[in-house]
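Below is upload-v6.csv, which holds CSV, C-alpha atoms.
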```
chain,number,residue,atom,x,y,z
T,140,MET,CA,-61.1,4.2,68.4
T,141,SER,CA,-59.7,4.1,71.9
T,142,ARG,CA,-60.8,6.5,74.5
T,143,LEU,CA,-59.9,7.5,78.0
T,144,MET,CA,-62.4,7.2,80.8
T,145,ARG,CA,-62.3,7.8,84.6
T,146,THR,CA,-63.3,4.6,86.4
T,147,SER,CA,-65.7,6.6,88.6
T,148,GLU,CA,-67.8,7.1,85.5
T,149,ILE,CA,-68.1,3.4,85.0
T,150,ALA,CA,-69.5,2.4,88.4
T,151,SER,CA,-73.3,1.9,88.1
T,152,LEU,CA,-73.3,1.9,84.2
T,153,PRO,CA,-75.9,-0.6,82.9
T,154,VAL,CA,-74.6,-3.9,81.4
T,155,VAL,CA,-76.7,-4.3,78.1
T,156,THR,CA,-76.8,-7.2,75.7
T,157,LEU,CA,-76.7,-6.6,72.0
T,158,ALA,CA,-80.3,-7.7,72.0
T,159,GLY,CA,-81.0,-4.6,74.0
T,160,ASP,CA,-81.7,-6.0,77.4
T,161,ASP,CA,-80.1,-4.6,80.6
T,162,VAL,CA,-79.0,-7.7,82.5
T,163,ALA,CA,-77.0,-6.0,85.3
T,164,GLN,CA,-75.1,-2.9,86.3
T,165,VAL,CA,-71.5,-2.4,87.2
T,166,LYS,CA,-70.9,-2.5,90.9
T,167,ASP,CA,-67.1,-2.3,91.0
T,168,LEU,CA,-64.1,-2.7,88.8
T,169,VAL,CA,-61.7,-5.7,89.2
T,170,PHE,CA,-58.1,-4.8,88.4
T,171,SER,CA,-55.5,-7.2,87.3
T,172,ALA,CA,-53.1,-8.1,90.2
T,173,ASP,CA,-50.4,-5.7,88.9
T,174,GLY,CA,-52.9,-2.9,88.8
T,175,GLY,CA,-52.1,-2.3,85.1
T,176,ALA,CA,-55.3,-3.2,83.5
T,177,VAL,CA,-59.0,-3.7,84.2
T,178,ALA,CA,-59.7,-7.4,84.5
T,179,GLY,CA,-63.4,-7.2,84.8
T,180,PHE,CA,-66.4,-6.0,86.8
T,181,THR,CA,-68.4,-7.1,89.7
T,182,LEU,CA,-72.1,-6.6,89.2
T,183,ALA,CA,-75.3,-5.6,90.9
T,184,GLY,CA,-78.9,-6.2,89.8
T,185,ARG,CA,-80.7,-3.4,88.1
T,186,GLY,CA,-82.8,-1.0,90.1
T,187,LEU,CA,-82.3,0.8,93.4
T,188,LEU,CA,-83.1,-2.1,95.7
T,189,ALA,CA,-81.3,-4.8,93.8
T,190,GLY,CA,-78.3,-6.3,95.6
T,191,PRO,CA,-75.0,-7.6,94.4
T,192,LEU,CA,-75.1,-10.4,91.8
T,193,LYS,CA,-73.2,-13.7,92.1
T,194,GLN,CA,-72.1,-13.1,88.6
T,195,GLY,CA,-69.3,-11.0,87.3
T,196,LEU,CA,-68.1,-9.9,83.9
T,197,ALA,CA,-64.5,-10.6,82.7
T,198,TRP,CA,-63.0,-8.0,80.4
T,199,PRO,CA,-62.6,-10.3,77.4
T,200,LYS,CA,-66.4,-10.7,77.3
T,201,VAL,CA,-67.0,-7.0,77.0
T,202,VAL,CA,-68.0,-6.0,73.5
T,203,GLY,CA,-67.9,-2.2,74.1
T,204,LEU,CA,-67.5,0.2,77.0
T,205,GLY,CA,-68.7,3.7,76.6
T,206,PRO,CA,-70.0,6.6,78.7
T,207,ASP,CA,-73.5,5.2,78.7
T,208,ALA,CA,-73.2,1.4,78.9
T,209,VAL,CA,-71.1,-1.7,79.0
T,210,MET,CA,-72.1,-3.9,76.1
T,211,VAL,CA,-72.0,-7.7,76.1
T,212,ALA,CA,-73.0,-10.2,73.5
T,213,ASP,CA,-75.7,-11.9,75.7
T,214,GLU,CA,-76.4,-13.0,79.2
T,215,GLU,CA,-74.1,-16.0,78.7
T,216,SER,CA,-71.2,-13.5,78.8
T,217,LEU,CA,-71.6,-13.2,82.6
T,218,GLU,CA,-69.6,-15.7,84.7
T,219,PRO,CA,-69.5,-16.5,88.4
T,220,ARG,CA,-68.1,-13.5,90.2
T,221,ASP,CA,-65.5,-15.5,92.1
T,222,GLU,CA,-64.0,-16.8,88.9
T,223,VAL,CA,-63.6,-13.3,87.5
T,224,ILE,CA,-61.9,-12.2,90.6
T,225,ALA,CA,-59.7,-15.3,90.8
T,226,ALA,CA,-58.7,-14.9,87.2
T,227,ALA,CA,-57.6,-11.3,87.8
T,228,ALA,CA,-55.5,-12.2,90.8
T,229,SER,CA,-53.8,-15.1,89.0
T,230,THR,CA,-52.4,-13.0,86.2
T,231,VAL,CA,-49.4,-12.0,88.3
T,232,GLU,CA,-49.3,-14.3,91.3
T,233,GLY,CA,-48.9,-12.5,94.6
T,234,VAL,CA,-47.8,-9.1,93.3
T,235,GLY,CA,-49.3,-6.0,94.9
T,236,SER,CA,-52.8,-5.6,96.2
T,237,GLY,CA,-54.2,-5.0,92.7
T,238,GLY,CA,-57.6,-4.0,93.7
T,239,ASN,CA,-58.3,-0.7,95.4
T,240,VAL,CA,-55.8,2.0,94.9
T,241,LEU,CA,-58.1,4.8,95.8
T,242,GLY,CA,-56.6,6.7,98.8
T,243,ASP,CA,-53.1,5.4,98.1
T,244,ARG,CA,-50.3,7.9,98.0
T,245,VAL,CA,-48.5,8.3,94.7
T,246,LEU,CA,-44.8,8.2,95.4
T,247,THR,CA,-42.0,8.7,92.9
T,248,ASP,CA,-39.1,6.3,93.0
T,249,SER,CA,-37.0,9.3,94.1
T,250,GLY,CA,-39.2,9.6,97.1
T,251,THR,CA,-41.5,12.5,96.4
T,252,ASP,CA,-45.2,12.2,97.4
T,253,LEU,CA,-47.2,13.6,94.5
T,254,GLY,CA,-50.6,13.2,96.1
T,255,LYS,CA,-53.6,11.0,96.9
T,256,VAL,CA,-55.3,8.8,94.3
T,257,VAL,CA,-58.9,9.8,93.8
T,258,ASP,CA,-59.7,8.2,90.5
T,259,VAL,CA,-58.2,5.9,87.9
T,260,VAL,CA,-58.0,6.7,84.2
T,261,ILE,CA,-58.3,3.8,81.8
T,262,ASP,CA,-57.8,3.5,78.1
T,263,VAL,CA,-60.6,1.5,76.5
T,264,GLY,CA,-59.4,-0.3,73.5
T,265,PRO,CA,-61.7,-0.5,70.4
T,266,GLY,CA,-64.6,-2.8,70.8
T,267,GLY,CA,-63.2,-4.7,73.7
T,268,ALA,CA,-60.3,-5.8,71.6
T,269,GLY,CA,-57.0,-6.0,73.5
T,270,GLN,CA,-56.8,-5.0,77.1
T,271,CYS,CA,-58.3,-2.2,79.1
T,272,ASP,CA,-55.2,-0.5,80.2
T,273,VAL,CA,-54.8,1.6,83.3
T,274,VAL,CA,-53.0,4.6,82.0
T,275,GLY,CA,-53.1,7.1,84.8
T,276,TYR,CA,-54.4,8.2,88.2
T,277,GLU,CA,-56.2,11.3,89.1
T,278,ILE,CA,-54.7,12.6,92.3
T,279,GLU,CA,-55.3,15.4,94.7
T,280,ALA,CA,-51.9,17.1,94.3
T,281,SER,CA,-49.6,17.4,97.2
T,282,GLU,CA,-47.6,20.5,98.0
T,283,ALA,CA,-44.6,19.0,96.5
T,284,LEU,CA,-46.2,18.7,93.1
T,285,SER,CA,-47.8,22.2,92.9
T,286,PRO,CA,-44.7,24.4,92.6
T,287,ALA,CA,-43.2,22.2,89.9
T,288,GLY,CA,-45.5,23.2,87.0
T,289,SER,CA,-47.1,26.0,89.0
T,290,LYS,CA,-50.4,24.6,87.6
T,291,GLY,CA,-52.3,24.8,90.8
T,292,GLY,CA,-52.1,24.6,94.5
T,293,LYS,CA,-52.4,21.8,97.0
T,294,GLY,CA,-55.5,19.7,96.6
T,295,THR,CA,-55.8,20.5,92.9
T,296,ARG,CA,-56.9,17.5,90.9
T,297,MET,CA,-54.1,16.4,88.5
T,298,LEU,CA,-53.7,13.5,86.2
T,299,VAL,CA,-50.5,11.4,86.6
T,300,PRO,CA,-49.5,9.1,83.7
T,301,LEU,CA,-48.4,5.6,84.6
T,302,PRO,CA,-45.8,3.4,83.0
T,303,ASP,CA,-46.8,0.0,81.6
T,304,THR,CA,-46.1,-1.8,84.9
T,305,ILE,CA,-46.2,-0.3,88.4
T,306,SER,CA,-45.8,-1.5,92.0
T,307,VAL,CA,-48.9,-1.1,94.1
T,308,SER,CA,-49.2,-1.7,97.9
T,309,LYS,CA,-51.9,-0.9,100.3
T,310,GLU,CA,-50.2,2.5,101.0
T,311,HIS,CA,-48.3,3.5,97.9
T,312,VAL,CA,-48.3,3.5,94.2
T,313,MET,CA,-44.7,3.8,92.9
T,314,VAL,CA,-44.1,5.8,89.7
T,315,PRO,CA,-40.9,6.9,88.0
T,316,ALA,CA,-39.7,10.4,88.9
T,317,ALA,CA,-40.2,11.4,85.3
T,318,ALA,CA,-44.0,11.0,85.6
T,319,ARG,CA,-44.0,14.4,87.3
T,320,ASP,CA,-43.0,16.1,84.1
T,321,PHE,CA,-46.1,14.7,82.3
T,322,VAL,CA,-48.7,15.6,84.9
T,323,THR,CA,-51.7,17.3,83.3
T,324,GLN,CA,-55.1,18.7,84.4
T,325,ASP,CA,-57.1,17.9,81.4
T,326,LEU,CA,-58.3,14.5,80.3
T,327,ALA,CA,-58.4,15.6,76.6
T,328,GLY,CA,-54.6,16.1,76.4
T,329,PHE,CA,-53.8,13.3,78.8
T,330,GLY,CA,-53.7,10.5,76.1
T,331,ALA,CA,-50.8,12.2,74.4
T,332,SER,CA,-49.1,12.9,77.7
T,333,VAL,CA,-49.2,9.2,78.6
T,334,GLN,CA,-47.9,8.2,75.2
T,335,GLN,CA,-44.9,10.6,75.5
T,336,PHE,CA,-44.2,9.5,79.0
T,337,ARG,CA,-44.1,5.8,78.1
T,338,ASP,CA,-42.1,6.5,75.0
T,339,GLN,CA,-39.5,8.3,77.1
T,340,LEU,CA,-39.3,5.5,79.6
T,341,ARG,CA,-38.7,3.0,76.8
T,342,GLY,CA,-35.9,5.2,75.7
T,343,PRO,CA,-34.7,5.8,72.2
T,344,ALA,CA,-35.6,2.8,70.0
C,152,MET,CA,-91.6,7.0,54.1
C,153,LEU,CA,-91.5,8.2,57.7
C,154,PHE,CA,-93.8,6.3,60.0
C,155,SER,CA,-95.0,9.6,61.4
C,156,ASP,CA,-96.5,10.3,58.0
C,157,LEU,CA,-98.0,6.8,57.7
C,158,LYS,CA,-99.6,6.9,61.1
C,159,GLY,CA,-103.3,7.7,60.9
C,160,ARG,CA,-103.5,6.7,57.2
C,161,LYS,CA,-106.7,4.7,56.5
C,162,LEU,CA,-106.8,1.0,55.9
C,163,VAL,CA,-109.0,0.0,53.0
C,164,ASP,CA,-110.4,-3.4,52.1
C,165,THR,CA,-110.0,-3.7,48.3
C,166,SER,CA,-112.8,-6.4,48.1
C,167,SER,CA,-115.5,-4.1,49.7
C,168,ALA,CA,-113.9,-0.7,49.2
C,169,ASP,CA,-114.7,0.0,52.9
C,170,THR,CA,-112.4,1.8,55.2
C,171,VAL,CA,-111.7,-0.8,57.9
C,172,GLY,CA,-109.2,0.9,60.1
C,173,LYS,CA,-106.4,3.4,60.7
C,174,VAL,CA,-102.6,2.9,60.9
C,175,ASP,CA,-101.6,3.0,64.6
C,176,GLY,CA,-98.3,1.3,65.0
C,177,PHE,CA,-95.6,-1.0,63.5
C,178,LEU,CA,-93.8,-4.1,64.6
C,179,LEU,CA,-90.1,-3.9,63.8
C,180,ASP,CA,-88.2,-7.2,63.6
C,181,PRO,CA,-84.5,-6.5,64.4
C,182,ALA,CA,-83.5,-9.8,62.9
C,183,THR,CA,-84.6,-8.8,59.4
C,184,GLN,CA,-84.2,-5.0,60.1
C,185,SER,CA,-87.7,-4.6,58.6
C,186,ILE,CA,-91.3,-4.0,59.5
C,187,ALA,CA,-92.9,-7.4,60.2
C,188,ALA,CA,-96.5,-6.1,60.6
C,189,LEU,CA,-98.5,-2.9,60.9
C,190,GLU,CA,-101.0,-2.3,63.7
C,191,PHE,CA,-104.3,-0.6,63.2
C,192,LYS,CA,-107.0,0.9,65.3
C,193,LYS,CA,-110.7,1.2,64.8
C,194,THR,CA,-110.9,-2.3,63.3
C,195,ASP,CA,-113.4,-5.0,63.8
C,196,GLY,CA,-111.6,-8.0,65.2
C,197,GLY,CA,-107.9,-8.3,64.9
C,198,ASP,CA,-105.7,-5.2,64.8
C,199,THR,CA,-102.5,-6.6,63.2
C,200,VAL,CA,-101.7,-7.2,59.5
C,201,ALA,CA,-98.5,-9.0,58.6
C,202,TRP,CA,-96.5,-7.0,56.1
C,203,SER,CA,-96.4,-9.9,53.7
C,204,VAL,CA,-100.2,-9.8,53.1
C,205,ILE,CA,-100.6,-6.1,52.7
C,206,THR,CA,-101.6,-5.3,49.1
C,207,ALA,CA,-100.0,-1.8,49.1
C,208,VAL,CA,-98.8,1.0,51.3
C,209,GLY,CA,-99.9,4.0,49.3
C,210,ASP,CA,-99.7,7.7,49.7
C,211,ASP,CA,-103.3,7.9,50.8
C,212,ALA,CA,-104.2,4.5,52.1
C,213,VAL,CA,-102.9,1.1,53.1
C,214,THR,CA,-104.8,-1.6,51.2
C,215,ILE,CA,-105.5,-5.2,52.1
C,216,PRO,CA,-107.4,-7.9,50.1
C,217,GLY,CA,-110.0,-8.6,52.8
C,218,THR,CA,-110.6,-8.1,56.5
C,219,ASN,CA,-109.7,-11.8,57.1
C,220,VAL,CA,-106.0,-10.7,57.1
C,221,LEU,CA,-106.6,-8.7,60.2
C,222,ILE,CA,-105.3,-10.9,63.0
C,223,GLU,CA,-104.4,-10.8,66.7
C,224,ALA,CA,-100.6,-10.9,67.0
C,225,GLU,CA,-99.4,-14.3,67.8
C,226,GLY,CA,-96.1,-16.0,68.2
C,227,ARG,CA,-93.2,-14.0,66.9
C,228,LEU,CA,-95.5,-11.0,66.2
C,229,ALA,CA,-96.8,-11.1,69.8
C,230,GLU,CA,-93.2,-10.9,71.0
C,231,LEU,CA,-92.6,-7.9,68.8
C,232,ALA,CA,-95.8,-6.3,69.9
C,233,SER,CA,-94.9,-6.5,73.6
C,234,LYS,CA,-93.4,-3.6,75.5
C,235,ARG,CA,-89.9,-5.1,74.9
C,236,GLY,CA,-90.4,-4.8,71.1
C,237,VAL,CA,-91.4,-1.2,71.1
C,238,VAL,CA,-89.0,1.0,69.1
C,239,LEU,CA,-90.4,4.5,69.2
C,240,LYS,CA,-89.1,6.6,72.1
C,241,LYS,CA,-86.7,3.8,73.2
C,242,ARG,CA,-83.1,4.8,73.8
C,243,VAL,CA,-80.5,3.9,71.2
C,244,LEU,CA,-77.2,2.5,72.3
C,245,THR,CA,-74.2,1.6,70.1
C,246,ASP,CA,-72.3,-1.6,70.6
C,247,ALA,CA,-69.5,0.8,71.8
C,248,GLY,CA,-71.6,1.9,74.7
C,249,ASP,CA,-72.7,5.3,73.5
C,250,ASP,CA,-76.2,6.6,74.0
C,251,LEU,CA,-77.4,8.3,70.8
C,252,GLY,CA,-80.8,9.5,72.1
C,253,GLU,CA,-84.3,8.2,71.7
C,254,VAL,CA,-85.9,6.9,68.5
C,255,ARG,CA,-88.1,9.7,67.1
C,256,ASP,CA,-89.2,8.2,63.9
C,257,VAL,CA,-88.6,5.3,61.5
C,258,ASP,CA,-88.0,5.7,57.7
C,259,LEU,CA,-89.3,2.6,55.9
C,260,ASP,CA,-89.4,1.5,52.4
C,261,PRO,CA,-93.2,1.3,51.6
C,262,SER,CA,-92.6,-1.4,48.9
C,263,THR,CA,-90.5,-3.9,50.9
C,264,GLY,CA,-91.0,-2.8,54.6
C,265,SER,CA,-87.3,-2.7,55.2
C,266,VAL,CA,-86.1,0.0,57.6
C,267,ARG,CA,-84.1,2.6,55.8
C,268,GLU,CA,-83.1,4.4,58.9
C,269,LEU,CA,-84.0,5.3,62.4
C,270,VAL,CA,-84.3,9.0,63.2
C,271,VAL,CA,-82.7,9.4,66.6
C,272,GLY,CA,-82.2,12.2,69.1
C,273,ALA,CA,-83.2,15.8,69.4
C,274,LYS,CA,-85.6,17.2,66.8
C,275,LYS,CA,-83.3,19.9,65.6
C,276,THR,CA,-80.1,17.8,65.5
C,277,PRO,CA,-81.3,14.2,64.7
C,278,THR,CA,-78.9,11.4,64.1
C,279,HIS,CA,-79.8,9.1,61.2
C,280,VAL,CA,-79.0,5.5,61.8
C,281,ALA,CA,-79.1,3.2,58.8
C,282,GLY,CA,-81.5,0.3,59.4
C,283,ALA,CA,-78.8,-2.2,58.5
C,284,ARG,CA,-77.0,-1.1,61.7
C,285,ILE,CA,-79.8,-2.4,64.0
C,286,LEU,CA,-78.5,-5.3,66.1
C,287,GLY,CA,-81.3,-5.8,68.6
C,288,VAL,CA,-84.4,-4.3,70.3
C,289,GLY,CA,-84.7,-5.2,74.0
C,290,GLU,CA,-86.2,-4.1,77.3
C,291,TYR,CA,-83.6,-1.3,77.8
C,292,ALA,CA,-82.5,-0.1,74.4
C,293,VAL,CA,-82.4,-0.5,70.7
C,294,VAL,CA,-78.8,-1.6,70.0
C,295,VAL,CA,-77.0,-0.5,66.8
C,296,ARG,CA,-73.6,-1.0,65.4
C,297,ALA,CA,-71.3,2.0,66.1
C,298,ALA,CA,-70.7,4.3,63.2
C,299,ASP,CA,-67.4,3.5,61.4
```

Re-express the file's structure as structure tokens.
Amino acid sequence: MSRLMRTSEIASLPVVTLAGDDVAQVKDLVFSADGGAVAGFTLAGRGLLAGPLKQGLAWPKVVGLGPDAVMVADEESLEPRDEVIAAAASTVEGVGSGGNVLGDRVLTDSGTDLGKVVDVVIDVGPGGAGQCDVVGYEIEASEALSPAGSKGGKGTRMLVPLPDTISVSKEHVMVPAAARDFVTQDLAGFGASVQQFRDQLRGPA
Amino acid sequence: MLFSDLKGRKLVDTSSADTVGKVDGFLLDPATQSIAALEFKKTDGGDTVAWSVITAVGDDAVTIPGTNVLIEAEGRLAELASKRGVVLKKRVLTDAGDDLGEVRDVDLDPSTGSVRELVVGAKKTPTHVAGARILGVGEYAVVVRAAD
């Protein structure tokens, strides 16, 4: 079963072993360099006063990711944080900033500003199998976007589907102009929207 | 048999016919998905009886062959008896990261001690989790395999 989650829901989730012990909590997400997938997590200790940990968690070690916890096999699943970050950056050498897209403007390749990224939507594969795909961004809609579907005014939160690969810079996230036609407001129907959008981009088989 | 029904049942020594205690708790071993021992109160001496030496878990009493089987939990049993090993009222997480609620009760097989199911979540809408799905019991949660 795959499910869509906002990454803001993941920060501060406990990291729990299958033996039932909470060994850390999520501090931040590490995205692959192309921004197309979650590569892992940086971690903090449990509890209010605990600081960041020197350990991180690479996505392949995640057994399950749900609304209430990140599950790992055992404490051995944690790796040095720098290695997790380095591994993420090396997936596509030197492309984009990868990391933080929050606050970036979403720009179509035809030059329309759709809005500002406020959250990232990921598709969590079943039981950590496969990759944790970034499938969309939640944006605060720009004026340009609002009249199109007349779904809401400026500042409305909208979900923009993403193609398999995207270009990310410190300022902008580039999406195909067609993404605009698949914007939704509701996470429930967003999965289908992403699928249709990607199918259309791939063209008739 | 639900543990909530078993709790408070008297412990009888078959050699003397005396009541020597009352059921107070259980130690669940996640590795075997069964009850490793029962804990008693109002006993003289030890308060724990390994499941394997219990004569019977009956409808009205739990019977043992003699008070010498009442021991203090040691080794593996002591681990299970610690706060980490407690199951009741602990949150249940699936290996997919879903919180199912707290363990309310445990249904056990009185002849073998194996856990038939955990009763989890709200009283009116409990979730029944088969004992065979238990993966671990730790500081933070009881971890179970996600439903298929």

Spatial neighbours of C:Leu259, max dist 7 Å, only C-alpha atoms, sep filter under 4 positions, as a PyMOL selection string: chain C and resi 152-153+264-267

Expected answer as an MDAnalysis selection string: chain C residues within 10 Å of chain T, only C-alpha atoms: chainID C and resid 181:182 235:236 242:251 285:297 299

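Relative to atom CA of C:Ser155, atom CA of C:Ala281 is found at 17.3 Å.
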
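As for atom CA of C:Lys193 and atom CA of C:Val171, they are spaced 7.3 Å apart.
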
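Here atom CA of C:Gly217 stands at a distance of 7.8 Å from atom CA of C:Ser167.
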
Which residues come within 9 Å of C:Asp210, counting only C-alpha atoms, excluding same-chain residues fewer than 2 positions away, as a PDB file with C-alpha atoms, in the frame of the given file?
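Once everything was written out, this is part.pdb:
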```pdb
ATOM      1  CA  LEU C 157     -98.000   6.800  57.700  1.00  0.00           C
ATOM      2  CA  ARG C 160    -103.500   6.700  57.200  1.00  0.00           C
ATOM      3  CA  VAL C 208     -98.800   1.000  51.300  1.00  0.00           C
ATOM      4  CA  ALA C 212    -104.200   4.500  52.100  1.00  0.00           C
ATOM      5  CA  VAL C 213    -102.900   1.100  53.100  1.00  0.00           C
TER       6      VAL C 213
END
```

Repaired coordinates for stretch 215-231 of chain C (N, CA, C and O atoms) as a short mmCIF file (atom, residue, chain, number, x, y, z; two decimals), in the coordinates of the input:
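The file below, rebuild_39.cif, is the result:
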```cif
data_model
loop_
_atom_site.label_atom_id
_atom_site.label_comp_id
_atom_site.auth_asym_id
_atom_site.auth_seq_id
_atom_site.Cartn_x
_atom_site.Cartn_y
_atom_site.Cartn_z
N ILE C 215 -105.62 -3.78 51.82
CA ILE C 215 -105.50 -5.20 52.10
C ILE C 215 -106.61 -5.91 51.25
O ILE C 215 -107.62 -5.30 50.89
N PRO C 216 -106.40 -7.20 50.94
CA PRO C 216 -107.40 -7.90 50.10
C PRO C 216 -108.68 -8.22 50.76
O PRO C 216 -109.70 -8.37 50.10
N GLY C 217 -108.71 -8.30 52.08
CA GLY C 217 -110.00 -8.60 52.80
C GLY C 217 -109.73 -8.46 54.28
O GLY C 217 -108.59 -8.43 54.74
N THR C 218 -110.82 -8.33 55.05
CA THR C 218 -110.60 -8.10 56.50
C THR C 218 -110.15 -9.41 57.18
O THR C 218 -109.78 -9.37 58.34
N ASN C 219 -110.14 -10.54 56.46
CA ASN C 219 -109.70 -11.80 57.10
C ASN C 219 -108.17 -11.76 57.38
O ASN C 219 -107.66 -12.58 58.14
N VAL C 220 -107.42 -10.78 56.79
CA VAL C 220 -106.00 -10.70 57.10
C VAL C 220 -105.72 -9.95 58.39
O VAL C 220 -104.59 -9.91 58.87
N LEU C 221 -106.76 -9.31 58.93
CA LEU C 221 -106.60 -8.70 60.20
C LEU C 221 -106.60 -9.72 61.32
O LEU C 221 -107.59 -10.45 61.49
N ILE C 222 -105.47 -9.84 62.03
CA ILE C 222 -105.30 -10.90 63.00
C ILE C 222 -104.92 -10.34 64.37
O ILE C 222 -104.51 -9.19 64.47
N GLU C 223 -105.03 -11.16 65.40
CA GLU C 223 -104.40 -10.80 66.70
C GLU C 223 -102.97 -11.30 66.57
O GLU C 223 -102.71 -12.38 66.06
N ALA C 224 -102.02 -10.47 67.05
CA ALA C 224 -100.60 -10.90 67.00
C ALA C 224 -100.39 -12.14 67.78
O ALA C 224 -100.81 -12.25 68.92
N GLU C 225 -99.72 -13.08 67.15
CA GLU C 225 -99.40 -14.30 67.80
C GLU C 225 -97.95 -14.68 67.59
O GLU C 225 -97.34 -14.20 66.64
N GLY C 226 -97.41 -15.55 68.42
CA GLY C 226 -96.10 -16.00 68.20
C GLY C 226 -95.04 -14.92 68.16
O GLY C 226 -94.99 -14.05 69.02
N ARG C 227 -94.24 -14.95 67.08
CA ARG C 227 -93.20 -14.00 66.90
C ARG C 227 -93.76 -12.54 66.89
O ARG C 227 -93.19 -11.62 67.48
N LEU C 228 -94.91 -12.35 66.24
CA LEU C 228 -95.50 -11.00 66.20
C LEU C 228 -95.91 -10.53 67.56
O LEU C 228 -95.76 -9.36 67.88
N ALA C 229 -96.39 -11.46 68.40
CA ALA C 229 -96.80 -11.10 69.80
C ALA C 229 -95.57 -10.63 70.55
O ALA C 229 -95.64 -9.68 71.34
N GLU C 230 -94.44 -11.31 70.33
CA GLU C 230 -93.20 -10.90 71.00
C GLU C 230 -92.83 -9.47 70.58
O GLU C 230 -92.46 -8.64 71.41
N LEU C 231 -92.93 -9.21 69.28
CA LEU C 231 -92.60 -7.90 68.80
C LEU C 231 -93.56 -6.82 69.26
O LEU C 231 -93.22 -5.65 69.40
#
```
